[in-house]
Amino acid sequence: MTVPSFVQIRRPDREPKKTIELQIDGKAVKVPEGTTILTACRTLGIEIPTLCYLETLRPVNVCRVCMVEVEGSRVLVPSCSRQVEAGMVVRTGNDRVNHTRKMVLEMLASSVDLSTTPGMDELLEEYDCKPERYGPPAPPAAAGVRDAAVCGHHTPPNPDFAATVAQPPMVDNDLYIRDYAKCVLCYKCVEACGVDHQNTFAIAVAGRGFDARISTELAVELPDSACVYCGNCIAVCPTGALMAKREFDMRSDGSWDEEKQKATDTICPYCGVGCTLTLHVQGNEIVKATSPLDNGVTLGNLCIKGRFGWRFVQRNAES
Amino acid sequence: MDIRLLGAEPSAEEKSAIDEILGAPVSAWDGGERGSMRDAHTAEFGGHSTREQRHMLLPALQALQSRVGFITEGGLDYVCARLGVPPAEAWGVATFYAMLATSPRPRRVVHVCDDIACRAKGAVKLCAALEARVGPPISHEPEGDHVPLDRDKAAWMHSPCLGLCDVAPAALMVEAGETVMERSIGGANIERLYALLTEIKVPGADGANKPHILRSPQIVSGGLLQRVGKVDPTSLAAYRAAGGYAALAKAMDMGAEGVIREVTESKLVGRGGAAFPTGRKWEAVRTQKAQPHYLVCNADESEPGTFKDRVLLTEDPFAIVEAMTIAAFATGSEHGFFYVRAEYPLAFERMNGAIEQARAAGLLGENILGRGMKFDIEMRRGAGAYICGEETALFESIEGKRGEPRNKPPFPVSHGLFGKPTAENNVETFANILSIILDGGAAFAKVGTPQSTGTRLFCLSGTVRRPGVYEVPFGTSLRALIDMAGGVPEGRTLNAVLLGGAAGGFIRADEIDIKLTHEDTRASGTTLGSGVVVLFDETVDLRDAVLRIAAFFRDESCGQCVPCRVGTVRQEEALHRIASGKTRGGVSAELALLNELGDAMKDGSICGLGQTAYSAVESAIKRLGLYSEAGSAHA
Amino acid sequence: MEETDVVFLWGSNARAAHPIWFHHLLKGIHNGAKLYVMDPRRTESAQWADVWLGLNVGSDIALSNTMAREIIHAGLVHEEFVSNATSGYEDYKASVESYTLDVGERLTGVPADVIRDAAHVFAKADRAMICWTLGITEHHDAADNVLALINLCLLTGHVGRWGCGCNPLRGQNNVQGGGDMGAIPNKYPGFQEITDGVTRLRFEKHWKTKLQPNAGLNLTQMLKAMEAGSLKALFVIGENPAQSDADGHHVEGLLEGLDHLVVQEIVMTKTASLAHVVLPAAATWCEGEGTVTNSERRVQRCRKASEPPEGAKDELWIIAEIAKRLGHDWGHPTAEEVWNEFRKVAADFAGGMSYKRLEELGGIQWPCPDESHPGTTFLHARLWEKRKKRGPAAPFTVVRHEGPVEMPNEEYPLLLTTGRRLESYNTGVQTAGYDSPLHWGEMVDISPEDAARLGIADNEEVRVTSRRGSVVAPAHIDSTLRAGLVFMTLHFPDDVATNLLTIDVSDPKSGTAEFKACAVRVERAFANVLASSNHS
């Protein structure tokens, strides 16, 4: 007996990818077709900062921190999404690139609270950013004001202040908080909640321009929204704008201490999918659960039970 | 999809508005009544075919807006139920478009333009007078006592350019209802506006639809405006009697490759602003293996100061339908979209009429001209977003999403509308096709200059004696063009010209000998853009115009990428600091900062909006010297 | 999953019960796969389907047999596969002959044209798979239900190939691993037969002890044995039968009647409260070491992240201590040592799965016989081999539609079916521990039609009564339910003991109980409250 030709028993062979040769910062490099400039840079050990990029999400290339110069291109290109081409000549750190990167970081630092963005202080220093030169930050908006903005009709600027996205954090449920004063609008949470992972679509970008914000429908509170509290948005948030309530509370009372935390990988105790849980333990208390991005089962995602449902082993620790 | 609705009920009015667009629901699962045995045991809603309906989201939201005047919770819920769109996504879309209201509004709203051209004609004073008379406009924060709670009273809003610069100052009145009423108003004055806001009856459309149109005496035959004002734009018979549809028949004889050969030989480049060779674009689409191919006509003419496409669409719509059909033939597209900005109700109506007549006459549909060609055009209206003129933002908008431009590559010729190969051209570009087919590419290429072939439509507005659309061959000097329009009013002096629109740049009065070609403008560091020529005499405060441009970009930035989202804010702030005398470290420091911001926006933004948001400001600084010591003296 | 063309998700609300697996299904859908969901309720999962087949509760065999007949009559059988790799086809073919589309529609409620289309799409697909959960197995004819689905895959050649196959989704994080290790009545570790003499001899040699030759009892059989008085002592580890089993009153009585009940638990469950001895245990998943096996046979490591509460002992330690007291001194082996012994006694199965490799590869799918083996992505590829290498043929099994044991009648006019909700888990022992905006407590989901007929408002307390018991809970008017159907969960047994209602019949082949179907009556509860308000 022969197997009919259309029957594919084994995983179908992927067509072998062509090798592309290009030049980055004067060094020749060969990578498979379809590789992004960012990945090609990483194979050379060239570090390019990113904010909106994540291995497990489709690049939206909106933060423009990872911009590089490609010879022949009128403008800079986002290395996170631009695929390599044969003969490409890429420069990752010349004045032009550094200027845009610096300005983008300054623009963010002058309008967004980056105090809980890992690595940001170093980055701002590296690029000699002076966010204060845009003027003192404007007073925070009252709750709900940014959510109600009518697009295309902004109020003329106040020359005494620099506009910011500051507003009070939204604390409307027991599991996680949304502090959009820290939001750089990287779209990651929307992608994770949407078609890239969770497909719940509880949040989307609403409004336009500087008023653009992450919002539920009609800006309703989370418990009235479609949110299923998987926390996959928290997992991808690069700035701490989205944070588990426990971490938020501990940070507020000063007890959060990452130096004292130990992360251990284990398997979620619930259904049979076998999600890897990384338990972050501080003083024998589980304070956070995440999952590794490179885990084939989860791609960093969990459901409400995995993300939050482990309290039963430590009721005493908390009370 | 397991979407969670808000649980709000639509009104009967809202339901019927949506059902008119989407058809009645077919089951309990897509918004219909419960009770059938079949529904109890099967559903075919929520899968792939449902998601393919997403492109109806914007038309459905517009139907709500047109019927009720704003998008209510119940209305939004029903749209989501019908289309299987998650409410948060629909909310994201609804809040993106300025002509969609997401908080309660009166049925009648008057949008009063205070953009560059109207400003030059007194729009700021007009708005101030209006505010004094009827109260403040609906503004950024909707919750306020300035919005009349009485839905039967009218409200007003400021508006970006309405494309009525030839009849500035202009306004657009929209009244939601069973039949939506939309009126373009030219030559607006306080009495007219007051009447619109207070009287129940609405006077008919006016001046806006009878623009000044002039063709250069050098053009002896053909010309883009040849039928304008001469041939009834509402009659297919009249169009055919004037030679219409001869080009389509000839194109079919030539074959797709023949058409593309002629277009390529004509050296026609896109008239939307990017000046990409049309022949190359069509050939790239034609040869794509992926199917289907799409054809899109970009009539989202929103560049402040631009109104030429409006004239073509309202006065010669069949020409655009015919040219689109030829393009479809050449690119192998069976499905076309015509996307026109919300602010052009008459253009929409005329094009809609033209498409319907063409369809009825077998000039669109399954078997065009009886020669086996299949092609039809679907109409789409914008909803108040300048950014949707950007070709990929326009695709997103048609697909029912927020009009956020895509990063390129990949380019639309391979990954366009719905991810498929797409030829997108601007209205004026299409208008050029007919004469290329009829007279040949070579004849077309003889007009103009070797690099800029054919003629070009220019939109003259501002402080000009005869504002309107002018057609001249490429290579005509700006001075000659201004002269054709009669220059600035008697006794005044030309101070500056804004060339190319808000995304273009200012030039000085002593620079108007520049030749109007792509190569000449490029060489002198400016652009033809979309053919905007706004004249400013000494009565116009140029710094105010610059502030308006900065405000425009801040308002119209989609907000996706940081350089544009924040850069346009910081740019406007710096200009306001200069204007108010509250600079941080002096004017020169502010100018240096503006330049730094401008470079980052230019180099770092995703699309043309952010990349050009500093252009006009930069030209005002560097070309006009508007903020130099001398310039700042009169601030 | 992500590269298949058609998925039949049958009797599974994986969106809620297996959320991260559903992510992979969604990737498949976004890659173009068509999804068909067979479920009496139009669940969150079903709402993603291209077609939802809302069959009558317990009519799964009727539906699959009807599809099979349609596939056969439409000439869509994978003839080559059937003739080369299966057995019993002719009998099977004859057995489904009476299941015409009309009969199928009558038995399942699903319109004939929908059944027909689904059958055609499945048979014609290049790659297709059937995934199921408890909607298939919590019936008195559970095993037959499963066999019916296997028959469909055999008929169409959708087994043993990439992107194809039968995929039962495991409900608990290590229910598969328990089986792997031999924690089932008739198997040794690695699914080796207890009743096979040669195997037994090998194990006896290895363990240096005499092993009893008979299969043990499954849970249902144990309950029967308790009833009969032949089972007098019970050692329960991490299970809560007092609340998780059907006909709760009855089970509780049986447990109370035992001479000796030992419960090893991490929290004080209802069952533990009945025990003579409670052994407080560490929660091994985060306070101990070991492995678990997930639904795709992937063995993964559990690691100790935190210390157990004072007094709670490591589960391995407890077992070793019990062994010692029973006269077997095993010392105190580490989890890895125990695992390595398992690898030795089940080498074909797990020989290649050292802790080191599990670590490096992020888990390995069994079988994995040696350390150069990458693990096995899918099973049964042998069926496509030439006859000699093919091994035993895959048998078709004749199965017939029976329907639920208890059908609605005048007195109990509604059919109660049970299941899970996203935020909770089984009897809530673990999920009761965290606060969640989605924790709404137990609800009685009821169709708008029935609610209207019974005058029930949303959130109003209602009494649900079956032949066995009665509970009160708030009603939730749920438009995903059709008239006649009521839905509840087992998540909040302390507040609403749903298992007082469920029927104590189970599948003789697998021992699973018919949680999915029993007849009930629903009425407004306030009348009773008024009547008994004297003492309040």
# chains A, B, ... in the order shown; residues from 1 in each chain; ligands from 1
>>> interface_residues(of="chain C", to="chain B", cutoff="6 Å", atoms="only C-alpha atoms", output="ChimeraX atom specification")
/C:44,47-54,110,482
>>> closest_atom_pairs(of="chain B", to="chain A", cutoff="6 Å", atoms="only C-alpha atoms", output="tab-separated table")
residue	atom	partner	partner_atom	distance
B:Arg4	CA	A:Ala226	CA	5.3
B:Pro87	CA	A:Glu217	CA	5.5
B:Ala88	CA	A:Glu217	CA	4.0
B:Glu89	CA	A:Ala204	CA	5.5
B:Trp91	CA	A:Glu217	CA	5.3
B:Gly92	CA	A:Ala206	CA	3.9
B:Thr95	CA	A:Gly207	CA	4.7
B:Phe96	CA	A:Gly207	CA	4.9
B:Ala98	CA	A:Cys151	CA	5.6
B:Ser139	CA	A:His153	CA	5.8
B:His140	CA	A:Val150	CA	4.7
B:Glu141	CA	A:Ala149	CA	5.3
B:Asp555	CA	A:Gly152	CA	4.4
B:Ser557	CA	A:Gly209	CA	4.6
B:Cys558	CA	A:Gly209	CA	4.7
B:Gly559	CA	A:Gly209	CA	3.5
B:Gln560	CA	A:Val62	CA	5.9
B:Cys561	CA	A:Val62	CA	4.3
B:Val562	CA	A:Cys63	CA	5.5
B:Pro563	CA	A:Val104	CA	5.9
B:Arg565	CA	A:Gly209	CA	5.2
B:Val566	CA	A:Met107	CA	6.0
B:Glu573	CA	A:Pro157	CA	5.8
B:His576	CA	A:Pro159	CA	5.9
B:Arg577	CA	A:Pro159	CA	4.9
B:Ala600	CA	A:Thr100	CA	4.7
B:Asp603	CA	A:Val75	CA	4.7
B:Gly604	CA	A:Leu76	CA	5.9
>>> closest_residue(among="A:Ala142, A:Ile234, A:Ala241, A:Val195", to="chain C", atoms="only C-alpha atoms")
A:Val195
>>> interface_residues(of="chain C", to="chain A", cutoff="7 Å", atoms="only C-alpha atoms", output="PyMOL selection string")
chain C and resi 18-21+23+160-162+169-174+285-286+294-295+301-303+305-307+381+384+386+423+430-431+433-437
>>> atom_distance(atom1="atom CA of B:Asn298", atom2="atom CA of B:Val472")
22.3 Å
>>> closest_residue(among="B:Asp439, B:Glu618, B:Glu73, B:Glu596", to="B:Arg570", atoms="only C-alpha atoms")
B:Glu596
>>> residues_around(residues="C:Ser510", least_positions_apart="6", cutoff="12 Å", atoms="only C-alpha atoms", output="VMD selection string")
chain C and resid 137 to 146 184 to 186 217 to 221
>>> write_last_selection(atoms="N, CA and C atoms", output="PDB file, in the first residue's frame")
ATOM      1  N   THR C 137     -18.099  12.600  27.653  1.00  0.00           N
ATOM      2  CA  THR C 137     -17.793  11.528  28.599  1.00  0.00           C
ATOM      3  C   THR C 137     -18.645  11.511  29.861  1.00  0.00           C
ATOM      4  N   GLU C 138     -19.320  12.609  30.186  1.00  0.00           N
ATOM      5  CA  GLU C 138     -20.160  12.544  31.381  1.00  0.00           C
ATOM      6  C   GLU C 138     -21.576  12.083  31.020  1.00  0.00           C
ATOM      7  N   HIS C 139     -21.603  10.906  30.458  1.00  0.00           N
ATOM      8  CA  HIS C 139     -22.876  10.271  30.095  1.00  0.00           C
ATOM      9  C   HIS C 139     -22.803   8.801  30.499  1.00  0.00           C
ATOM     10  N   HIS C 140     -23.945   8.185  30.601  1.00  0.00           N
ATOM     11  CA  HIS C 140     -23.930   6.776  31.001  1.00  0.00           C
ATOM     12  C   HIS C 140     -23.399   5.895  29.878  1.00  0.00           C
ATOM     13  N   ASP C 141     -23.350   6.460  28.656  1.00  0.00           N
ATOM     14  CA  ASP C 141     -22.768   5.702  27.538  1.00  0.00           C
ATOM     15  C   ASP C 141     -21.512   6.417  27.037  1.00  0.00           C
ATOM     16  N   ALA C 142     -20.704   6.899  27.985  1.00  0.00           N
ATOM     17  CA  ALA C 142     -19.541   7.707  27.677  1.00  0.00           C
ATOM     18  C   ALA C 142     -18.598   7.040  26.681  1.00  0.00           C
ATOM     19  N   ALA C 143     -18.252   5.806  26.957  1.00  0.00           N
ATOM     20  CA  ALA C 143     -17.280   5.130  26.099  1.00  0.00           C
ATOM     21  C   ALA C 143     -17.831   4.984  24.688  1.00  0.00           C
ATOM     22  N   ASP C 144     -19.117   4.704  24.590  1.00  0.00           N
ATOM     23  CA  ASP C 144     -19.727   4.582  23.262  1.00  0.00           C
ATOM     24  C   ASP C 144     -19.691   5.918  22.520  1.00  0.00           C
ATOM     25  N   ASN C 145     -19.903   6.975  23.264  1.00  0.00           N
ATOM     26  CA  ASN C 145     -19.817   8.293  22.646  1.00  0.00           C
ATOM     27  C   ASN C 145     -18.441   8.509  22.026  1.00  0.00           C
ATOM     28  N   VAL C 146     -17.416   8.176  22.802  1.00  0.00           N
ATOM     29  CA  VAL C 146     -16.051   8.347  22.319  1.00  0.00           C
ATOM     30  C   VAL C 146     -15.824   7.484  21.082  1.00  0.00           C
ATOM     31  N   ILE C 184      -4.650   3.903  37.766  1.00  0.00           N
ATOM     32  CA  ILE C 184      -5.956   3.449  37.280  1.00  0.00           C
ATOM     33  C   ILE C 184      -6.064   1.965  37.622  1.00  0.00           C
ATOM     34  N   PRO C 185      -7.270   1.489  37.809  1.00  0.00           N
ATOM     35  CA  PRO C 185      -7.428   0.174  38.442  1.00  0.00           C
ATOM     36  C   PRO C 185      -6.820  -0.996  37.673  1.00  0.00           C
ATOM     37  N   ASN C 186      -6.690  -0.870  36.368  1.00  0.00           N
ATOM     38  CA  ASN C 186      -6.273  -2.055  35.616  1.00  0.00           C
ATOM     39  C   ASN C 186      -4.904  -1.926  34.953  1.00  0.00           C
ATOM     40  N   LEU C 217     -10.920  -1.545  41.500  1.00  0.00           N
ATOM     41  CA  LEU C 217     -12.226  -0.930  41.267  1.00  0.00           C
ATOM     42  C   LEU C 217     -12.043   0.513  40.809  1.00  0.00           C
ATOM     43  N   ASN C 218     -12.927   0.941  39.917  1.00  0.00           N
ATOM     44  CA  ASN C 218     -12.954   2.366  39.642  1.00  0.00           C
ATOM     45  C   ASN C 218     -13.888   3.025  40.653  1.00  0.00           C
ATOM     46  N   LEU C 219     -13.953   4.348  40.599  1.00  0.00           N
ATOM     47  CA  LEU C 219     -14.660   5.077  41.642  1.00  0.00           C
ATOM     48  C   LEU C 219     -16.122   4.651  41.743  1.00  0.00           C
ATOM     49  N   THR C 220     -16.759   4.499  40.584  1.00  0.00           N
ATOM     50  CA  THR C 220     -18.163   4.113  40.595  1.00  0.00           C
ATOM     51  C   THR C 220     -18.328   2.744  41.231  1.00  0.00           C
ATOM     52  N   GLN C 221     -17.410   1.852  40.881  1.00  0.00           N
ATOM     53  CA  GLN C 221     -17.466   0.511  41.456  1.00  0.00           C
ATOM     54  C   GLN C 221     -17.195   0.539  42.959  1.00  0.00           C
TER      55      GLN C 221
END
>>> residues_around(residues="C:Glu411", least_positions_apart="6", cutoff="12 Å", atoms="only C-alpha atoms", output="list in words")
Thr465, Ser466, Arg467, Ala519, Val520, Arg521, Val522 and Glu523 of chain C
